[in-house]
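What follows is the content of run-v8.pdb (PDB, C-alpha atoms and all ligand atoms).
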ATOM      1  CA  MET U1235      88.403 117.648-159.504
ATOM      2  CA  PRO U1236      89.544 114.450-157.719
ATOM      3  CA  ARG U1237      86.830 113.114-155.426
ATOM      4  CA  GLY U1238      89.087 113.257-152.349
ATOM      5  CA  TRP U1239      89.729 116.957-152.819
ATOM      6  CA  THR U1240      86.028 117.628-153.237
ATOM      7  CA  ARG U1241      85.418 115.941-149.881
ATOM      8  CA  CYS U1242      88.249 117.880-148.221
ATOM      9  CA  ALA U1243      86.864 121.142-149.585
ATOM     10  CA  MET U1244      83.408 120.231-148.349
ATOM     11  CA  VAL U1245      84.692 119.510-144.847
ATOM     12  CA  TRP U1246      86.666 122.758-144.799
ATOM     13  CA  TRP U1247      83.697 124.886-145.903
ATOM     14  CA  THR U1248      81.372 123.131-143.464
ATOM     15  CA  ILE U1249      83.709 123.955-140.563
ATOM     16  CA  THR U1250      84.015 127.538-141.815
ATOM     17  CA  TRP U1251      80.260 127.945-142.058
ATOM     18  CA  ILE U1252      79.686 126.480-138.604
ATOM     19  CA  ASN U1253      82.228 128.964-137.217
ATOM     20  CA  MET U1254      80.245 131.708-138.937
ATOM     21  CA  GLY U1255      76.966 130.404-137.532
ATOM     22  CA  LEU U1256      75.801 129.312-141.006
ATOM     23  CA  SER U1257      75.240 125.610-140.581
ATOM     24  CA  GLY U1258      72.604 125.283-143.342
ATOM     25  CA  CYS U1259      74.923 126.186-146.216
ATOM     26  CA  ARG U1260      76.060 122.646-146.991
ATOM     27  CA  ARG U1261      72.922 121.945-149.021
ATOM     28  CA  HIS U1262      73.631 124.908-151.280
ATOM     29  CA  TYR U1263      77.301 124.335-151.981
ATOM     30  CA  LEU U1264      78.763 123.325-155.320
ATOM     31  CA  PRO U1265      82.476 122.434-155.574
ATOM     32  CA  PHE U1266      84.104 123.585-158.770
ATOM     33  CA  MET U1267      87.472 123.865-160.523
ATOM     34  CA  GLY U1268      88.498 127.101-158.838
ATOM     35  CA  SER U1269      86.478 130.264-158.765
ATOM     36  CA  SER U1270      87.005 131.231-162.401
ATOM     37  CA  ALA U1271      85.159 128.149-163.632
ATOM     38  CA  GLY U1272      82.560 128.704-160.912
ATOM     39  CA  PHE U1273      81.953 132.221-162.217
ATOM     40  CA  ILE U1274      80.895 130.913-165.612
ATOM     41  CA  LEU U1275      78.332 128.596-164.059
ATOM     42  CA  ALA U1276      77.147 131.333-161.680
ATOM     43  CA  PHE U1277      76.761 133.895-164.469
ATOM     44  CA  TYR U1278      74.695 131.578-166.632
ATOM     45  CA  THR U1279      72.627 130.492-163.625
ATOM     46  CA  ALA U1280      71.974 133.906-162.112
ATOM     47  CA  PHE U1281      71.858 136.370-164.994
ATOM     48  CA  ARG U1282      69.335 136.665-167.798
ATOM     49  CA  PRO U1283      70.868 136.367-171.288
ATOM     50  CA  GLY U1284      72.296 139.731-172.294
ATOM     51  CA  ALA U1285      71.840 141.261-168.805
ATOM     52  CA  ARG U1286      74.094 144.160-167.951
ATOM     53  CA  ILE U1287      76.218 143.526-164.871
ATOM     54  CA  ALA U1288      77.688 146.245-162.657
ATOM     55  CA  VAL U1289      81.337 145.828-161.678
ATOM     56  CA  ILE U1290      83.596 148.314-159.950
ATOM     57  CA  ARG U1291      86.502 150.138-161.563
ATOM     58  CA  PRO U1292      89.276 149.547-160.627
ATOM     59  CA  GLY U1293      88.356 145.904-160.291
ATOM     60  CA  TYR U1294      89.432 142.392-161.207
ATOM     61  CA  PRO U1295      89.905 142.688-164.996
ATOM     62  CA  ALA U1296      88.816 139.117-165.765
ATOM     63  CA  TYR U1297      85.236 139.975-164.721
ATOM     64  CA  VAL U1298      84.849 142.213-167.750
ATOM     65  CA  ASN U1299      86.496 139.798-170.206
ATOM     66  CA  THR U1300      84.481 136.850-168.961
ATOM     67  CA  LEU U1301      81.141 138.655-168.892
ATOM     68  CA  LEU U1302      81.605 140.074-172.378
ATOM     69  CA  ASP U1303      82.795 136.749-173.791
ATOM     70  CA  LEU U1304      79.690 135.067-172.365
ATOM     71  CA  GLY U1305      77.391 137.604-174.018
ATOM     72  CA  PHE U1306      76.596 139.812-171.030
ATOM     73  CA  GLY U1307      76.899 143.581-170.855
ATOM     74  CA  VAL U1308      79.080 145.402-168.343
ATOM     75  CA  ALA U1309      78.495 148.686-166.517
ATOM     76  CA  GLU U1310      81.537 149.898-164.636
ATOM     77  CA  ILE U1311      80.942 151.859-161.436
ATOM     78  CA  PRO U1312      83.951 154.158-161.080
ATOM     79  CA  LEU U1313      85.380 154.426-157.576
ATOM     80  CA  SER U1314      88.031 156.868-156.451
ATOM     81  CA  VAL U1315      90.617 157.329-153.769
ATOM     82  CA  ALA U1316      88.502 160.245-152.498
ATOM     83  CA  ASN U1317      85.825 157.810-151.307
ATOM     84  CA  GLY U1318      88.389 155.240-150.166
ATOM     85  CA  TRP U1319      87.681 153.019-153.229
ATOM     86  CA  LEU U1320      84.528 151.955-151.387
ATOM     87  CA  LEU U1321      81.425 150.695-153.174
ATOM     88  CA  THR U1322      78.188 151.834-151.526
ATOM     89  CA  GLY U1323      74.507 151.098-151.917
ATOM     90  CA  ALA U1324      74.097 154.618-153.321
ATOM     91  CA  ASN U1325      76.577 153.839-156.144
ATOM     92  CA  ILE U1326      74.568 150.748-157.056
ATOM     93  CA  ALA U1327      71.197 152.493-156.850
ATOM     94  CA  SER U1328      72.478 155.298-159.060
ATOM     95  CA  ALA U1329      73.738 152.885-161.776
ATOM     96  CA  PHE U1330      70.460 150.984-161.541
ATOM     97  CA  ALA U1331      68.329 154.169-161.785
ATOM     98  CA  ARG U1332      70.209 155.248-164.921
ATOM     99  CA  GLU U1333      69.559 151.759-166.337
ATOM    100  CA  LEU U1334      73.269 151.213-166.668
ATOM    101  CA  SER U1335      73.070 147.882-164.905
ATOM    102  CA  ALA U1336      70.674 145.233-163.726
ATOM    103  CA  GLU U1337      72.855 142.976-161.563
ATOM    104  CA  LEU U1338      76.005 143.240-159.420
ATOM    105  CA  LEU U1339      79.285 141.363-159.237
ATOM    106  CA  PHE U1340      81.859 142.572-156.763
ATOM    107  CA  ALA U1341      84.661 141.400-154.504
ATOM    108  CA  SER U1342      85.491 142.238-150.903
ATOM    109  CA  PRO U1343      88.391 142.352-150.140
ATOM    110  CA  ALA U1344      88.756 143.824-153.602
ATOM    111  CA  ASN U1345      91.375 143.231-156.247
ATOM    112  CA  PRO U1346      93.421 145.402-156.929
ATOM    113  CA  THR U1347      92.646 147.962-154.191
ATOM    114  CA  GLY U1348      92.533 145.520-151.292
ATOM    115  CA  VAL U1349      89.586 147.414-149.844
ATOM    116  CA  ALA U1350      87.412 145.274-147.567
ATOM    117  CA  LEU U1351      83.892 146.214-146.571
ATOM    118  CA  ASP U1352      82.922 145.997-142.935
ATOM    119  CA  ARG U1353      79.582 144.504-141.878
ATOM    120  CA  VAL U1354      77.758 147.835-142.157
ATOM    121  CA  GLY U1355      79.152 148.537-145.628
ATOM    122  CA  LEU U1356      78.307 145.062-146.889
ATOM    123  CA  ALA U1357      74.812 145.251-145.360
ATOM    124  CA  ASP U1358      74.282 148.508-147.271
ATOM    125  CA  ILE U1359      75.078 146.716-150.540
ATOM    126  CA  VAL U1360      73.043 143.624-149.712
ATOM    127  CA  THR U1361      69.932 145.582-148.698
ATOM    128  CA  THR U1362      70.188 147.838-151.750
ATOM    129  CA  CYS U1363      70.337 144.802-154.036
ATOM    130  CA  GLU U1364      67.390 143.179-152.268
ATOM    131  CA  ARG U1365      65.332 146.385-152.400
ATOM    132  CA  LEU U1366      65.949 146.843-156.121
ATOM    133  CA  GLY U1367      65.730 143.164-157.077
ATOM    134  CA  ILE U1368      69.359 143.087-158.184
ATOM    135  CA  VAL U1369      71.020 139.670-158.369
ATOM    136  CA  LEU U1370      74.186 139.776-156.273
ATOM    137  CA  ILE U1371      77.295 137.696-156.820
ATOM    138  CA  SER U1372      79.738 138.230-153.979
ATOM    139  CA  ASP U1373      83.319 137.239-154.797
ATOM    140  CA  GLU U1374      84.856 136.307-151.443
ATOM    141  CA  ILE U1375      88.014 134.712-152.773
ATOM    142  CA  CYS U1376      90.227 137.130-150.824
ATOM    143  CA  HIS U1377      88.547 136.330-147.511
ATOM    144  CA  GLY U1378      91.089 135.575-144.843
ATOM    145  CA  LEU U1379      93.440 138.199-146.280
ATOM    146  CA  ASP U1380      91.702 140.957-144.338
ATOM    147  CA  TYR U1381      94.031 141.780-141.481
ATOM    148  CA  ARG U1382      91.906 144.380-139.660
ATOM    149  CA  ALA U1383      88.990 142.157-138.718
ATOM    150  CA  PRO U1384      87.431 138.848-139.774
ATOM    151  CA  SER U1385      86.077 139.098-143.325
ATOM    152  CA  VAL U1386      82.292 139.374-143.490
ATOM    153  CA  SER U1387      80.432 137.103-145.897
ATOM    154  CA  ALA U1388      77.294 138.172-147.722
ATOM    155  CA  LEU U1389      75.950 134.797-146.564
ATOM    156  CA  GLU U1390      75.842 136.210-143.039
ATOM    157  CA  LEU U1391      73.422 138.866-144.240
ATOM    158  CA  THR U1392      71.271 137.255-146.896
ATOM    159  CA  LYS U1393      70.326 133.995-148.580
ATOM    160  CA  ASN U1394      69.686 135.875-151.826
ATOM    161  CA  ALA U1395      73.225 135.924-153.143
ATOM    162  CA  ILE U1396      75.678 133.658-154.888
ATOM    163  CA  ILE U1397      78.983 133.456-153.061
ATOM    164  CA  ILE U1398      82.169 132.602-154.926
ATOM    165  CA  ASN U1399      85.157 131.452-152.934
ATOM    166  CA  SER U1400      88.190 129.254-153.441
ATOM    167  CA  PHE U1401      91.420 128.143-151.864
ATOM    168  CA  SER U1402      93.551 130.046-154.403
ATOM    169  CA  LYS U1403      94.325 133.172-152.455
ATOM    170  CA  ARG U1404      93.931 132.314-148.786
ATOM    171  CA  TYR U1405      96.087 129.193-149.049
ATOM    172  CA  CYS U1406      98.221 130.083-152.088
ATOM    173  CA  MET U1407      96.712 127.077-153.882
ATOM    174  CA  THR U1408      96.051 128.617-157.271
ATOM    175  CA  GLU U1409      96.892 125.540-159.299
ATOM    176  CA  TRP U1410      94.791 123.182-157.219
ATOM    177  CA  ARG U1411      91.662 124.665-158.765
ATOM    178  CA  ILE U1412      89.315 124.137-155.833
ATOM    179  CA  GLY U1413      86.500 126.606-155.385
TER     180      GLY U1413
HETATM  181  C1  LIG U1501      88.962 139.010-157.049
HETATM  182  C2  LIG U1501      89.334 137.709-157.722
HETATM  183  N1  LIG U1501      88.360 136.800-157.984
HETATM  184  C3  LIG U1501      88.656 135.629-158.594
HETATM  185  C4  LIG U1501      89.947 135.301-158.981
HETATM  186  C5  LIG U1501      90.207 133.954-159.664
HETATM  187  O1  LIG U1501      90.706 133.011-158.782
HETATM  188  P1  LIG U1501      90.798 131.414-159.054
HETATM  189  O2  LIG U1501      92.261 131.105-158.988
HETATM  190  O3  LIG U1501      90.073 130.702-157.959
HETATM  191  O4  LIG U1501      90.192 131.128-160.371
HETATM  192  C6  LIG U1501      90.973 136.220-158.738
HETATM  193  C7  LIG U1501      92.333 135.909-159.155
HETATM  194  O5  LIG U1501      93.237 136.722-159.143
HETATM  195  C8  LIG U1501      90.664 137.454-158.087
HETATM  196  O6  LIG U1501      91.616 138.360-157.833
END
Would you mind writing the file's structure down as structure tokens?
Amino acid sequence: MPRGWTRCAMVWWTITWINMGLSGCRRHYLPFMGSSAGFILAFYTAFRPGARIAVIRPGYPAYVNTLLDLGFGVAEIPLSVANGWLLTGANIASAFARELSAELLFASPANPTGVALDRVGLADIVTTCERLGIVLISDEICHGLDYRAPSVSALELTKNAIIINSFSKRYCMTEWRIG
């Protein structure tokens, strides 16, 4: 990524974090070539080799392809229209108890359902992961496309998570590969 763009991204995220009351995040930020490349680094950094990762179904299909290609296992947590396509702490705890999964990767707002968790819903997921020792990767690439209320970041609730974000969706800058 050109150095100038890295700087611009850094400035943008710093302003965003200050607005969110998260001024300390700068030290823990790594610019990358879009979120997809960032995922690969995050997976290898956060997950043990061969770990089984929980993802929601329906979900972003590339999660499954990427995880499997990198040698991880996948446990899909099925969601339904009956529960509003919402992931809850109980869903995660149940998959964990049945040893279907060890870690969690999910997006809010979600692709393809568009479902966005509110602060209470996200806190439920974050606290469940912390209680069970589950590594959490929160894909926040669709932040800013939540038209009911400001999107809530897992960073507002915990320091024990990896956050993935990029300019692709919010600013229609897919080809710029900044994340
Ligand atoms: C939920 C989600 N995460 C990540 C990505 C990948 O985005 P990027 O263009 O930053 O690699 C997409 C792209 O569609 C997506 O829908």
CA of Pro1265 in chain U and CA of Tyr1297 in chain U are how many Å apart?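 These two atoms are separated by 20.0 Å.
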On this structure, which residues satisfy the PyMOL selection byres (((chain U and resi 1269-1279) around 9) and not hetatm), written as a PDB file with C-alpha atoms, in the frame of the given file?
ATOM      1  CA  LEU U1264      78.763 123.325-155.320  1.00  0.00           C
ATOM      2  CA  PRO U1265      82.476 122.434-155.574  1.00  0.00           C
ATOM      3  CA  PHE U1266      84.104 123.585-158.770  1.00  0.00           C
ATOM      4  CA  MET U1267      87.472 123.865-160.523  1.00  0.00           C
ATOM      5  CA  GLY U1268      88.498 127.101-158.838  1.00  0.00           C
ATOM      6  CA  ALA U1280      71.974 133.906-162.112  1.00  0.00           C
ATOM      7  CA  PHE U1281      71.858 136.370-164.994  1.00  0.00           C
ATOM      8  CA  ARG U1282      69.335 136.665-167.798  1.00  0.00           C
ATOM      9  CA  PRO U1283      70.868 136.367-171.288  1.00  0.00           C
ATOM     10  CA  ALA U1296      88.816 139.117-165.765  1.00  0.00           C
ATOM     11  CA  TYR U1297      85.236 139.975-164.721  1.00  0.00           C
ATOM     12  CA  THR U1300      84.481 136.850-168.961  1.00  0.00           C
ATOM     13  CA  LEU U1301      81.141 138.655-168.892  1.00  0.00           C
ATOM     14  CA  LEU U1304      79.690 135.067-172.365  1.00  0.00           C
ATOM     15  CA  PHE U1306      76.596 139.812-171.030  1.00  0.00           C
ATOM     16  CA  ILE U1371      77.295 137.696-156.820  1.00  0.00           C
ATOM     17  CA  ASP U1373      83.319 137.239-154.797  1.00  0.00           C
ATOM     18  CA  ILE U1375      88.014 134.712-152.773  1.00  0.00           C
ATOM     19  CA  ILE U1396      75.678 133.658-154.888  1.00  0.00           C
ATOM     20  CA  ILE U1398      82.169 132.602-154.926  1.00  0.00           C
ATOM     21  CA  ASN U1399      85.157 131.452-152.934  1.00  0.00           C
ATOM     22  CA  SER U1400      88.190 129.254-153.441  1.00  0.00           C
ATOM     23  CA  PHE U1401      91.420 128.143-151.864  1.00  0.00           C
ATOM     24  CA  SER U1402      93.551 130.046-154.403  1.00  0.00           C
ATOM     25  CA  ARG U1411      91.662 124.665-158.765  1.00  0.00           C
ATOM     26  CA  ILE U1412      89.315 124.137-155.833  1.00  0.00           C
ATOM     27  CA  GLY U1413      86.500 126.606-155.385  1.00  0.00           C
TER      28      GLY U1413
END
Name the residues that the PyMOL selection byres (((chain U and resi 1348-1355) around 8) and not hetatm) pulls out of this structure, and write them as a list in words.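 Applying the PyMOL selection byres (((chain U and resi 1348-1355) around 8) and not hetatm) to the structure shown produces Gly1318, Trp1319, Leu1320, Thr1322, Ser1342, Pro1343, Ala1344, Asn1345, Pro1346, Thr1347, Leu1356, Ala1357, Asp1358, Ile1359, Asp1380, Ser1385 and Val1386 of chain U.
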Output as lines of an AutoDock Vina configuration file the centre and edge lengths (Å, one decimal) of the box along x, y and z of the file that holds every listed atom of range 1247-1255 of chain U after adding 4 Å on each side.
center_x = 80.5
center_y = 127.4
center_z = -141.6
size_x = 15.0
size_y = 16.6
size_z = 16.7
Can you pull out the residues contacting Leu1313 in chain U? Cut-off 8 Å, using only C-alpha atoms, and skip same-chain residues under 3 positions away; I want them as a VMD selection string. chain U and resid 1290 to 1292 1317 1319 to 1321
Please determine, counting all atoms listed in the file, which residue among U:Gly1238, U:Pro1384, U:Gly1378, U:Gly1323 has the shortest atom-to-atom distance to Cys1363 in chain U.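 The shortest atom-to-atom distance to Cys1363 in chain U comes from U:Gly1323.
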Nearest-residue call for Ala1331 in chain U, choices U:Tyr1263, U:Arg1382, U:Cys1376, U:Ile1368, using only C-alpha atoms: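 Between U:Tyr1263, U:Arg1382, U:Cys1376, U:Ile1368, the residue approaching Ala1331 in chain U most closely is U:Ile1368.
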